[in-house]
>>> print(open('entry-v6.tsv').read())   # TSV, C-alpha atoms
chain	number	residue	atom	x	y	z
H	1034	MET	CA	-10.30	13.55	-4.21
H	1035	ASN	CA	-10.85	10.43	-2.13
H	1036	PRO	CA	-12.74	7.64	-3.94
H	1037	LEU	CA	-12.10	5.09	-1.19
H	1038	ARG	CA	-13.82	7.07	1.53
H	1039	GLU	CA	-16.69	8.10	-0.79
H	1040	ASP	CA	-17.44	4.49	-1.69
H	1041	LEU	CA	-17.05	3.12	1.82
H	1042	HIS	CA	-19.28	5.76	3.41
H	1043	ALA	CA	-21.85	5.43	0.64
H	1044	LEU	CA	-22.01	1.75	1.60
H	1045	ALA	CA	-22.21	2.63	5.29
H	1046	GLU	CA	-25.13	5.03	4.77
H	1047	GLN	CA	-27.19	2.29	3.17
H	1048	ALA	CA	-26.43	-0.38	5.73
H	1049	PRO	CA	-27.77	-1.01	9.27
H	1050	ALA	CA	-25.59	-0.25	12.30
H	1051	VAL	CA	-23.62	-3.48	12.19
H	1052	ASP	CA	-20.04	-4.58	11.51
H	1053	LEU	CA	-19.38	-3.71	7.83
H	1054	ALA	CA	-15.82	-4.99	7.55
H	1055	ALA	CA	-16.74	-8.31	5.98
H	1056	GLN	CA	-18.87	-6.56	3.33
H	1057	ALA	CA	-16.59	-3.63	2.55
H	1058	VAL	CA	-13.06	-4.98	2.64
H	1059	ARG	CA	-12.89	-6.55	-0.82
H	1060	GLY	CA	-14.02	-3.46	-2.68
H	1061	ALA	CA	-12.04	-1.20	-0.38
H	1062	ARG	CA	-8.77	-2.98	-1.00
H	1063	ARG	CA	-9.28	-2.97	-4.79
H	1064	ARG	CA	-10.07	0.75	-4.90
H	1065	ARG	CA	-7.23	1.61	-2.52
H	1066	ALA	CA	-4.66	-0.47	-4.47
H	1067	THR	CA	-5.59	1.32	-7.74
H	1068	ARG	CA	-5.77	4.92	-6.42
H	1069	LEU	CA	-2.21	5.73	-7.48
H	1070	ALA	CA	-2.76	4.07	-10.86
H	1071	VAL	CA	-5.80	6.27	-11.60
H	1072	ALA	CA	-3.96	9.49	-10.76
H	1073	ILE	CA	-0.88	8.54	-12.75
H	1074	ALA	CA	-2.85	7.32	-15.76
H	1075	ALA	CA	-4.73	10.63	-15.90
H	1076	ALA	CA	-1.48	12.56	-15.83
H	1077	THR	CA	-0.06	10.39	-18.59
H	1078	CYS	CA	-3.09	11.06	-20.81
H	1079	LEU	CA	-2.65	14.80	-20.29
H	1080	ILE	CA	0.98	14.64	-21.35
H	1081	ALA	CA	0.11	12.64	-24.46
H	1082	GLY	CA	-2.56	15.17	-25.41
H	1083	GLY	CA	-0.12	18.06	-25.12
H	1084	GLY	CA	2.30	16.30	-27.44
H	1085	THR	CA	-0.43	15.99	-30.09
H	1086	VAL	CA	-1.13	19.75	-30.08
H	1087	LEU	CA	2.56	20.51	-30.58
H	1088	LEU	CA	2.77	18.25	-33.64
H	1089	GLN	CA	-0.26	19.93	-35.21
H	1090	GLN	CA	1.40	23.32	-34.89
H	1091	LEU	CA	4.60	22.17	-36.60
H	1092	ARG	CA	3.05	20.62	-39.70
H	1093	PRO	CA	-0.35	20.73	-41.41
H	1094	GLU	CA	-0.85	17.00	-41.96
H	1095	PRO	CA	-2.41	14.88	-39.22
H	1096	PRO	CA	0.16	13.84	-36.63
H	1097	VAL	CA	1.46	10.28	-36.60
H	1098	MET	CA	1.06	8.84	-33.11
H	1099	LEU	CA	3.95	6.50	-32.49
H	1100	THR	CA	3.87	3.90	-29.73
H	1101	PRO	CA	6.86	4.48	-27.43
H	1102	PRO	CA	9.31	1.59	-27.56
H	1103	GLU	CA	9.21	-0.69	-24.56
H	1104	THR	CA	12.20	-0.50	-22.30
H	1105	THR	CA	13.77	-3.88	-21.72
H	1106	VAL	CA	15.45	-4.45	-18.39
H	1107	SER	CA	17.60	-7.23	-16.97
H	1108	PRO	CA	16.15	-9.95	-14.76
H	1109	LEU	CA	16.71	-9.53	-11.05
H	1110	PRO	CA	20.24	-10.81	-10.29
H	1111	PRO	CA	20.60	-13.61	-7.72
H	1112	GLU	CA	22.52	-11.29	-5.37
H	1113	GLY	CA	24.23	-7.92	-5.09
H	1114	VAL	CA	21.10	-5.78	-5.47
H	1115	GLY	CA	20.79	-2.50	-3.55
H	1116	PRO	CA	17.76	-1.38	-1.53
H	1117	ILE	CA	14.53	-0.92	-3.50
H	1118	GLU	CA	13.05	2.56	-3.75
H	1119	GLN	CA	9.83	1.57	-5.53
H	1120	ALA	CA	8.30	-1.13	-7.73
H	1121	TYR	CA	5.78	-0.92	-10.54
H	1122	ARG	CA	4.02	-2.95	-13.21
H	1123	PRO	CA	4.50	-1.43	-16.70
H	1124	GLU	CA	2.06	-1.87	-19.54
H	1125	CYS	CA	3.18	-4.74	-21.74
H	1126	ARG	CA	2.31	-4.13	-25.40
H	1127	THR	CA	4.48	-6.72	-27.15
H	1128	THR	CA	6.08	-10.09	-26.49
H	1129	THR	CA	9.43	-8.48	-25.60
H	1130	CYS	CA	8.52	-8.06	-21.93
H	1131	ALA	CA	7.27	-10.55	-19.39
H	1132	LYS	CA	3.52	-10.15	-19.00
H	1133	ASN	CA	2.80	-7.76	-16.11
H	1134	ALA	CA	6.10	-8.61	-14.41
H	1135	TRP	CA	7.08	-6.35	-11.53
H	1136	ARG	CA	9.95	-3.95	-12.13
H	1137	LEU	CA	12.09	-3.06	-9.15
H	1138	VAL	CA	13.85	0.32	-9.02
H	1139	THR	CA	16.73	0.63	-6.58
H	1140	ARG	CA	17.80	3.79	-4.78
H	1141	ASP	CA	20.85	3.87	-7.07
H	1142	GLY	CA	18.58	4.03	-10.13
H	1143	ASP	CA	19.00	0.44	-11.36
H	1144	THR	CA	15.87	-1.29	-12.68
H	1145	TYR	CA	15.30	-5.04	-12.71
H	1146	GLU	CA	12.44	-7.32	-13.68
H	1147	LEU	CA	11.05	-9.89	-11.26
H	1148	THR	CA	9.70	-12.78	-13.30
H	1149	ALA	CA	9.46	-15.23	-10.39
H	1150	ALA	CA	6.31	-13.62	-8.97
H	1151	PRO	CA	3.02	-14.61	-10.68
H	1152	GLU	CA	0.76	-11.97	-12.18
H	1153	THR	CA	-1.92	-12.14	-9.47
H	1154	GLY	CA	0.14	-12.98	-6.38
H	1155	PRO	CA	1.09	-10.56	-3.59
H	1156	LEU	CA	4.40	-8.71	-3.49
H	1157	ALA	CA	5.83	-6.68	-0.61
H	1158	VAL	CA	9.11	-4.98	0.24
H	1159	THR	CA	10.41	-4.30	3.74
H	1160	ALA	CA	10.39	-0.65	4.80
H	1161	ASP	CA	14.19	-0.42	4.43
H	1162	GLY	CA	13.96	-1.81	0.87
H	1163	ARG	CA	16.46	-4.59	1.55
H	1164	ARG	CA	14.21	-7.64	1.43
H	1165	LEU	CA	11.49	-8.75	-0.96
H	1166	ALA	CA	8.60	-11.15	-0.38
H	1167	TYR	CA	6.35	-12.68	-3.04
H	1168	TYR	CA	4.16	-15.70	-3.70
H	1169	SER	CA	5.83	-18.50	-5.66
H	1170	SER	CA	3.25	-20.58	-7.52
H	1171	LYS	CA	5.94	-23.19	-8.18
H	1172	GLN	CA	6.69	-23.65	-4.48
H	1173	ARG	CA	3.11	-22.84	-3.41
H	1174	THR	CA	4.26	-20.53	-0.65
H	1175	ILE	CA	5.57	-17.04	0.17
H	1176	VAL	CA	9.30	-16.61	-0.48
H	1177	VAL	CA	11.38	-13.96	1.31
H	1178	ARG	CA	14.61	-12.87	-0.37
H	1179	ASP	CA	17.52	-10.76	0.83
H	1180	LEU	CA	18.50	-8.65	-2.18
H	1181	ALA	CA	22.15	-8.12	-1.24
H	1182	SER	CA	23.14	-11.65	-0.21
H	1183	GLY	CA	20.60	-13.56	-2.30
H	1184	LYS	CA	19.58	-15.68	0.69
H	1185	THR	CA	15.98	-16.89	0.57
H	1186	TRP	CA	13.51	-18.20	3.13
H	1187	LYS	CA	10.34	-20.19	2.46
H	1188	SER	CA	7.18	-19.73	4.46
H	1189	PRO	CA	6.01	-22.83	6.35
H	1190	LEU	CA	2.48	-22.03	5.15
H	1191	LYS	CA	1.60	-23.82	1.92
H	1192	GLN	CA	-1.04	-21.99	-0.11
H	1193	PRO	CA	-2.80	-22.86	-3.37
H	1194	ALA	CA	-2.71	-20.31	-6.17
H	1195	GLU	CA	-6.49	-19.87	-5.82
H	1196	ASP	CA	-5.86	-17.85	-2.63
H	1197	PHE	CA	-4.52	-15.13	-4.94
H	1198	SER	CA	-6.81	-15.53	-7.94
H	1199	ARG	CA	-8.14	-12.53	-9.85
H	1200	SER	CA	-11.42	-12.73	-7.94
H	1201	ALA	CA	-9.66	-12.40	-4.57
H	1202	GLU	CA	-8.16	-9.37	-2.82
H	1203	HIS	CA	-5.01	-9.97	-0.82
H	1204	THR	CA	-2.58	-8.24	1.53
H	1205	LEU	CA	0.98	-9.19	2.48
H	1206	ARG	CA	2.18	-7.19	5.50
H	1207	LEU	CA	5.87	-7.59	6.42
H	1208	SER	CA	7.78	-7.04	9.64
H	1209	PRO	CA	10.95	-4.89	9.41
H	1210	SER	CA	13.08	-7.98	8.71
H	1211	GLY	CA	10.47	-9.59	6.44
H	1212	LEU	CA	10.74	-12.85	8.38
H	1213	ARG	CA	7.43	-12.41	10.16
H	1214	PHE	CA	4.38	-11.44	8.14
H	1215	ILE	CA	0.62	-11.50	7.79
H	1216	VAL	CA	-0.95	-12.86	4.61
H	1217	SER	CA	-4.66	-12.23	4.13
H	1218	SER	CA	-7.10	-12.83	1.30
H	1219	TRP	CA	-10.75	-11.94	0.69
H	1220	GLY	CA	-13.17	-12.99	-2.00
H	1221	GLY	CA	-11.75	-16.43	-2.64
H	1222	ARG	CA	-13.01	-19.75	-1.37
H	1223	ARG	CA	-10.76	-19.97	1.72
H	1224	GLU	CA	-10.10	-16.36	2.80
H	1225	PRO	CA	-7.01	-17.02	4.95
H	1226	ASN	CA	-5.82	-14.53	7.58
H	1227	LYS	CA	-2.53	-15.91	8.87
H	1228	LEU	CA	0.39	-14.72	10.99
H	1229	VAL	CA	3.55	-16.46	9.80
H	1230	ASP	CA	6.95	-16.61	11.51
H	1231	VAL	CA	9.48	-17.87	8.98
H	1232	GLU	CA	12.38	-18.28	11.41
H	1233	ARG	CA	10.35	-20.22	13.97
H	1234	GLY	CA	8.36	-22.11	11.35
H	1235	THR	CA	5.02	-21.24	12.94
H	1236	VAL	CA	1.62	-20.29	11.51
H	1237	SER	CA	-1.17	-18.74	13.59
H	1238	ASP	CA	-4.77	-17.98	12.66
H	1239	LEU	CA	-5.89	-14.37	13.05
H	1240	PRO	CA	-9.52	-13.43	13.73
H	1241	ARG	CA	-11.68	-13.13	10.65
H	1242	GLY	CA	-12.79	-9.68	9.56
H	1243	TRP	CA	-9.72	-7.90	10.97
H	1244	TRP	CA	-7.43	-6.16	8.47
H	1245	PRO	CA	-3.64	-6.21	9.14
H	1246	VAL	CA	-1.90	-2.87	9.71
H	1247	SER	CA	1.44	-3.70	11.29
H	1248	VAL	CA	3.56	-6.67	12.37
H	1249	SER	CA	6.80	-6.51	14.35
H	1250	ASP	CA	9.76	-8.89	14.41
H	1251	GLY	CA	10.13	-11.71	16.92
H	1252	SER	CA	7.27	-11.74	19.39
H	1253	GLY	CA	6.57	-8.02	18.97
H	1254	PRO	CA	3.16	-6.36	18.58
H	1255	VAL	CA	0.68	-7.13	15.80
H	1256	VAL	CA	-1.89	-4.44	14.93
H	1257	LEU	CA	-5.26	-5.17	13.31
H	1258	VAL	CA	-8.25	-2.92	12.52
H	1259	LYS	CA	-11.94	-3.42	11.87
H	1260	PRO	CA	-14.02	-0.52	10.43
H	1261	TYR	CA	-17.67	0.04	11.31
H	1262	GLU	CA	-20.12	2.70	10.06
H	1263	ASN	CA	-18.61	5.84	11.60
H	1264	SER	CA	-15.83	4.38	13.71
H	1265	SER	CA	-13.17	1.71	13.75
H	1266	GLN	CA	-11.70	-0.67	16.26
H	1267	VAL	CA	-7.93	-0.90	16.55
H	1268	ARG	CA	-6.52	-4.00	18.20
H	1269	VAL	CA	-2.99	-4.83	19.31
H	1270	LEU	CA	-2.93	-8.60	19.84
H	1271	GLY	CA	-2.80	-9.40	23.53
H	1272	HIS	CA	-4.73	-6.22	24.45
H	1273	ASP	CA	-8.36	-5.15	24.33
H	1274	PRO	CA	-9.43	-3.22	21.20
H	1275	ILE	CA	-9.85	0.54	21.34
H	1276	THR	CA	-12.40	2.52	19.34
H	1277	ILE	CA	-11.51	5.56	17.21
H	1278	PRO	CA	-14.06	7.98	15.69
H	1279	ASP	CA	-13.06	7.38	12.05
H	1280	PHE	CA	-13.97	4.84	9.39
H	1281	THR	CA	-10.53	4.50	7.83
H	1282	TYR	CA	-7.80	2.25	6.49
H	1283	ASP	CA	-5.22	5.06	6.40
H	1284	TYR	CA	-2.76	4.00	9.08
H	1285	SER	CA	1.00	3.93	9.46
H	1286	THR	CA	2.80	0.92	10.87
H	1287	LEU	CA	3.41	0.82	14.61
H	1288	ALA	CA	6.23	3.12	15.75
H	1289	PRO	CA	9.47	1.69	17.17
H	1290	ASP	CA	8.27	2.55	20.70
H	1291	GLY	CA	5.43	0.03	20.33
H	1292	ARG	CA	2.90	2.57	21.61
H	1293	THR	CA	2.41	5.06	18.80
H	1294	LEU	CA	0.24	4.72	15.71
H	1295	THR	CA	-0.77	7.41	13.21
H	1296	ARG	CA	-3.60	7.81	10.74
H	1297	LEU	CA	-4.57	10.47	8.22
H	1298	GLY	CA	-6.99	12.98	9.72
H	1299	GLN	CA	-10.48	13.38	8.31
H	1300	THR	CA	-13.62	15.44	8.83
H	1301	TYR	CA	-17.21	14.20	8.77
H	1302	ASP	CA	-20.15	16.33	7.68
H	1303	PRO	CA	-23.46	14.56	6.88
H	1304	ASN	CA	-24.57	17.59	4.85
H	1305	ARG	CA	-21.67	17.35	2.39
H	1306	ARG	CA	-20.87	14.97	-0.42
H	1307	PRO	CA	-18.62	13.20	0.14
H	1308	MET	CA	-19.42	13.25	3.86
H	1309	VAL	CA	-15.87	12.26	4.82
H	1310	GLN	CA	-12.87	14.22	3.56
H	1311	LEU	CA	-9.19	14.33	4.42
H	1312	ASP	CA	-8.42	17.46	6.42
H	1313	GLY	CA	-4.66	17.73	5.78
H	1314	SER	CA	-3.62	16.50	9.21
H	1315	ILE	CA	-2.15	13.43	10.84
H	1316	VAL	CA	-3.60	11.96	14.03
H	1317	VAL	CA	-1.21	10.43	16.56
H	1318	PHE	CA	-2.66	8.01	19.14
H	1319	ASP	CA	-1.91	5.10	21.46
H	1320	PRO	CA	-3.41	1.87	20.03
H	1321	VAL	CA	-3.07	0.05	23.36
H	1322	ARG	CA	-4.47	2.49	25.93
H	1323	GLY	CA	-6.46	4.77	23.62
H	1324	GLY	CA	-7.53	8.05	25.14
H	1325	ARG	CA	-6.14	11.43	24.10
H	1326	GLU	CA	-5.27	11.94	20.43
H	1327	THR	CA	-2.96	14.56	18.93
H	1328	ARG	CA	-3.92	16.14	15.59
H	1329	VAL	CA	-1.00	17.75	13.75
H	1330	PRO	CA	-1.38	19.79	10.51
H	1331	ILE	CA	0.78	18.48	7.66
H	1332	SER	CA	3.04	21.08	6.04
H	1333	GLY	CA	5.55	21.17	3.19
H	1334	ILE	CA	3.48	19.27	0.61
H	1335	PRO	CA	2.89	21.53	-2.43
H	1336	GLU	CA	-0.53	22.67	-3.53
H	1337	GLY	CA	-2.22	20.14	-5.80
H	1338	LEU	CA	-0.99	17.11	-3.85
H	1339	GLN	CA	-2.89	15.39	-1.08
H	1340	PRO	CA	-1.58	12.83	1.44
H	1341	SER	CA	-3.14	9.52	0.46
H	1342	GLY	CA	-1.20	6.84	2.31
H	1343	LEU	CA	1.12	6.19	5.23
H	1344	GLY	CA	3.88	3.67	5.65
H	1345	GLY	CA	6.82	2.64	7.77
H	1346	TRP	CA	8.86	4.68	10.22
H	1347	LEU	CA	12.21	6.02	9.01
H	1348	ASN	CA	13.31	6.71	12.58
H	1349	SER	CA	11.67	7.35	15.96
H	1350	THR	CA	9.84	10.51	14.78
H	1351	GLU	CA	9.41	10.33	10.98
H	1352	VAL	CA	6.87	8.29	9.06
H	1353	THR	CA	6.56	7.77	5.29
H	1354	VAL	CA	3.75	9.64	3.50
H	1355	VAL	CA	2.60	9.21	-0.13
H	1356	ALA	CA	0.98	12.27	-1.74
H	1357	THR	CA	-1.02	11.97	-4.97
H	1358	PRO	CA	-2.53	14.64	-7.30
H	1359	GLU	CA	-5.93	16.06	-6.47
H	1360	SER	CA	-6.66	16.42	-10.21
H	1361	PRO	CA	-5.25	15.13	-13.51
H	1362	ARG	CA	-3.46	18.45	-14.00
H	1363	GLY	CA	-1.77	18.24	-10.62
H	1364	PRO	CA	1.90	17.64	-9.81
H	1365	LYS	CA	3.53	14.23	-10.00
H	1366	PRO	CA	2.91	11.91	-7.04
H	1367	MET	CA	5.62	12.12	-4.41
H	1368	VAL	CA	6.87	10.28	-1.34
H	1369	TYR	CA	7.78	12.28	1.77
H	1370	ALA	CA	9.14	11.78	5.26
H	1371	MET	CA	6.98	13.50	7.88
H	1372	ASP	CA	7.83	14.43	11.46
H	1373	VAL	CA	4.82	13.36	13.51
H	1374	ARG	CA	5.58	15.96	16.20
H	1375	THR	CA	5.52	18.98	13.89
H	1376	GLY	CA	3.84	17.75	10.69
H	1377	LYS	CA	6.77	19.06	8.63
H	1378	THR	CA	7.67	17.00	5.56
H	1379	ARG	CA	10.81	16.53	3.50
H	1380	GLU	CA	10.83	15.16	-0.03
H	1381	LEU	CA	12.18	11.65	-0.62
H	1382	PHE	CA	11.44	10.73	-4.26
H	1383	THR	CA	8.97	10.98	-7.14
H	1384	LEU	CA	6.80	8.03	-8.04
H	1385	ARG	CA	7.25	6.67	-11.55
H	1386	ASN	CA	4.52	7.43	-14.09
H	1387	TYR	CA	3.54	3.85	-14.64
H	1388	GLY	CA	0.53	1.76	-13.71
H	1389	LYS	CA	0.46	-0.04	-10.38
H	1390	THR	CA	3.13	1.33	-8.03
H	1391	LEU	CA	4.42	-0.13	-4.76
H	1392	VAL	CA	6.30	1.81	-2.08
H	1393	PRO	CA	8.32	-0.20	0.48
H	1394	GLY	CA	6.55	-0.33	3.84
H	1395	LEU	CA	3.39	1.42	2.60
H	1396	VAL	CA	0.23	0.29	4.44
H	1397	HIS	CA	-2.14	-0.29	1.52
>>> encode(input="entry-v6.tsv", output="structure tokens")
Amino acid sequence: MNPLREDLHALAEQAPAVDLAAQAVRGARRRRATRLAVAIAAATCLIAGGGTVLLQQLRPEPPVMLTPPETTVSPLPPEGVGPIEQAYRPECRTTTCAKNAWRLVTRDGDTYELTAAPETGPLAVTADGRRLAYYSSKQRTIVVRDLASGKTWKSPLKQPAEDFSRSAEHTLRLSPSGLRFIVSSWGGRREPNKLVDVERGTVSDLPRGWWPVSVSDGSGPVVLVKPYENSSQVRVLGHDPITIPDFTYDYSTLAPDGRTLTRLGQTYDPNRRPMVQLDGSIVVFDPVRGGRETRVPISGIPEGLQPSGLGGWLNSTEVTVVATPESPRGPKPMVYAMDVRTGKTRELFTLRNYGKTLVPGLVH
């Protein structure tokens, strides 16, 4: 099940052999950001249906469907918060919860509500879960916050709220420290694509039509991609782009060695529908020199789950992988660590069965 690739390649088949990034990126980002929500919502409906059958067996009268009470949580404290495991937006059915406010779940199991971030603005968490970045409509800029100390930094880039309106798609890609980032937006009036260094107070324009994959701290590498019909260009700033034989957005961040990038493997068959399908592998390649690629089969993910996203590196050999159900009856979505040398995975945690879910460091 891969709606993103189906839609993107359907678009590619109907278009001439030209650069499709400017046409495809808005729809691609929207479909990719909601893929987890669709899988989780389907699973939730299945569970609710099973509960109805049980009630009918216990008593003859029609079952009374009660709305589960909303769980209220405390606002995010100013300091002393542990690393974030995941974040999600719950459904808000009454006035007792802030409308569509993000909820942050720490590795210790604590849950807090972030009311400072607007409903439509971007939110990102560093791969280690220790720092949070979000758009502040009050300050008209991106704010970076250290969860343990409470220290905050403001981006030198001032942005109007219209950059993150409902009609626009946006991406906020953080460096490991969160103090260098790329903020991009499509579909609005301005469509910014900016590299921001909070510590140095600098803002640089990035080339239009290139989607951000990875940004390092300090003056480290920045990785951008641009998909075409049946291939993509991968560009590390300061180096010439390389071409890979896949139309894809499924990349990890750049490895600590500065020379290794991974993407989810796929197969292409013009006689099948969809023509492009994930093949259960990860492809390891050099985004600077290009050349030989290594394809490694992924193992350890149970039947019914399919790798659907990559993220940050946990160490020099393991990258984060998100696996989602292939069908509504499938297992719960999970997050794994995968060794890029062997393809072996180890379980990290289960994603919450709520709407929009965010995993720290995930490239989405």
>>> residues_around(input="entry-v6.tsv", residues="Phe1197 in chain H", least_positions_apart="4", cutoff="10 Å", atoms="all atoms listed in the file", output="ChimeraX atom specification")
/H:1151-1155,1168,1170,1192-1193,1201-1204,1217-1221,1224
>>> atom_distance(input="entry-v6.tsv", atom1="CA of Arg1296 in chain H", atom2="CA of Val1176 in chain H")
29.8 Å
>>> atom_distance(input="entry-v6.tsv", atom1="CA of Gly1162 in chain H", atom2="CA of Val1229 in chain H")
20.1 Å
>>> axis_aligned_box(input="entry-v6.tsv", around="range 1257-1274 of chain H", padding_each_side="5 Å", output="AutoDock Vina command-line options")
--center_x -11.5 --center_y -1.8 --center_z 17.3 --size_x 27.3 --size_y 25.2 --size_z 24.4
>>> closest_residue(input="entry-v6.tsv", among="H:Gly1342, H:Gly1253, H:Pro1108, H:Pro1260", to="Ala1134 in chain H", atoms="only C-alpha atoms")
H:Pro1108
>>> residues_around(input="entry-v6.tsv", residues="range 1239-1246 of chain H", least_positions_apart="5", cutoff="9 Å", atoms="all atoms listed in the file", output="list in words")
Ala1054, Ala1055, Val1058, Thr1204, Leu1205, Arg1206, Ile1215, Val1216, Ser1217, Glu1224, Pro1225, Asn1226, Lys1227, Leu1228, Val1255, Val1256, Leu1257, Val1258, Lys1259, Pro1260, Arg1268, Tyr1282, Tyr1284, Ser1285, Thr1286, Leu1287, Val1396 and His1397 of chain H
>>> atom_distance(input="entry-v6.tsv", atom1="CA of Ser1169 in chain H", atom2="CA of Gly1344 in chain H")
25.0 Å
>>> residues_near_point(input="entry-v6.tsv", point="(8.2, 15.9, 7.9)", cutoff="10 Å", atoms="all atoms listed in the file", output="number ranges by chain")
H: 1331-1334, 1350-1354, 1369-1380
>>> closest_residue(input="entry-v6.tsv", among="H:Ser1237, H:Thr1383, H:Thr1185, H:Ser1341", to="Gln1119 in chain H", atoms="only C-alpha atoms")
H:Thr1383
>>> residues_around(input="entry-v6.tsv", residues="Tyr1145 in chain H", least_positions_apart="4", cutoff="7 Å", atoms="all atoms listed in the file", output="PyMOL selection string")
chain H and resi 1106-1109+1136-1138
>>> closest_residue(input="entry-v6.tsv", among="H:Asp1283, H:Asp1290, H:Asp1302, H:Asp1319", to="Val1269 in chain H", atoms="all atoms listed in the file")
H:Asp1319
>>> closest_residue(input="entry-v6.tsv", among="H:Asp1312, H:Glu1118, H:Asp1250, H:Asp1161", to="Pro1330 in chain H", atoms="only C-alpha atoms")
H:Asp1312
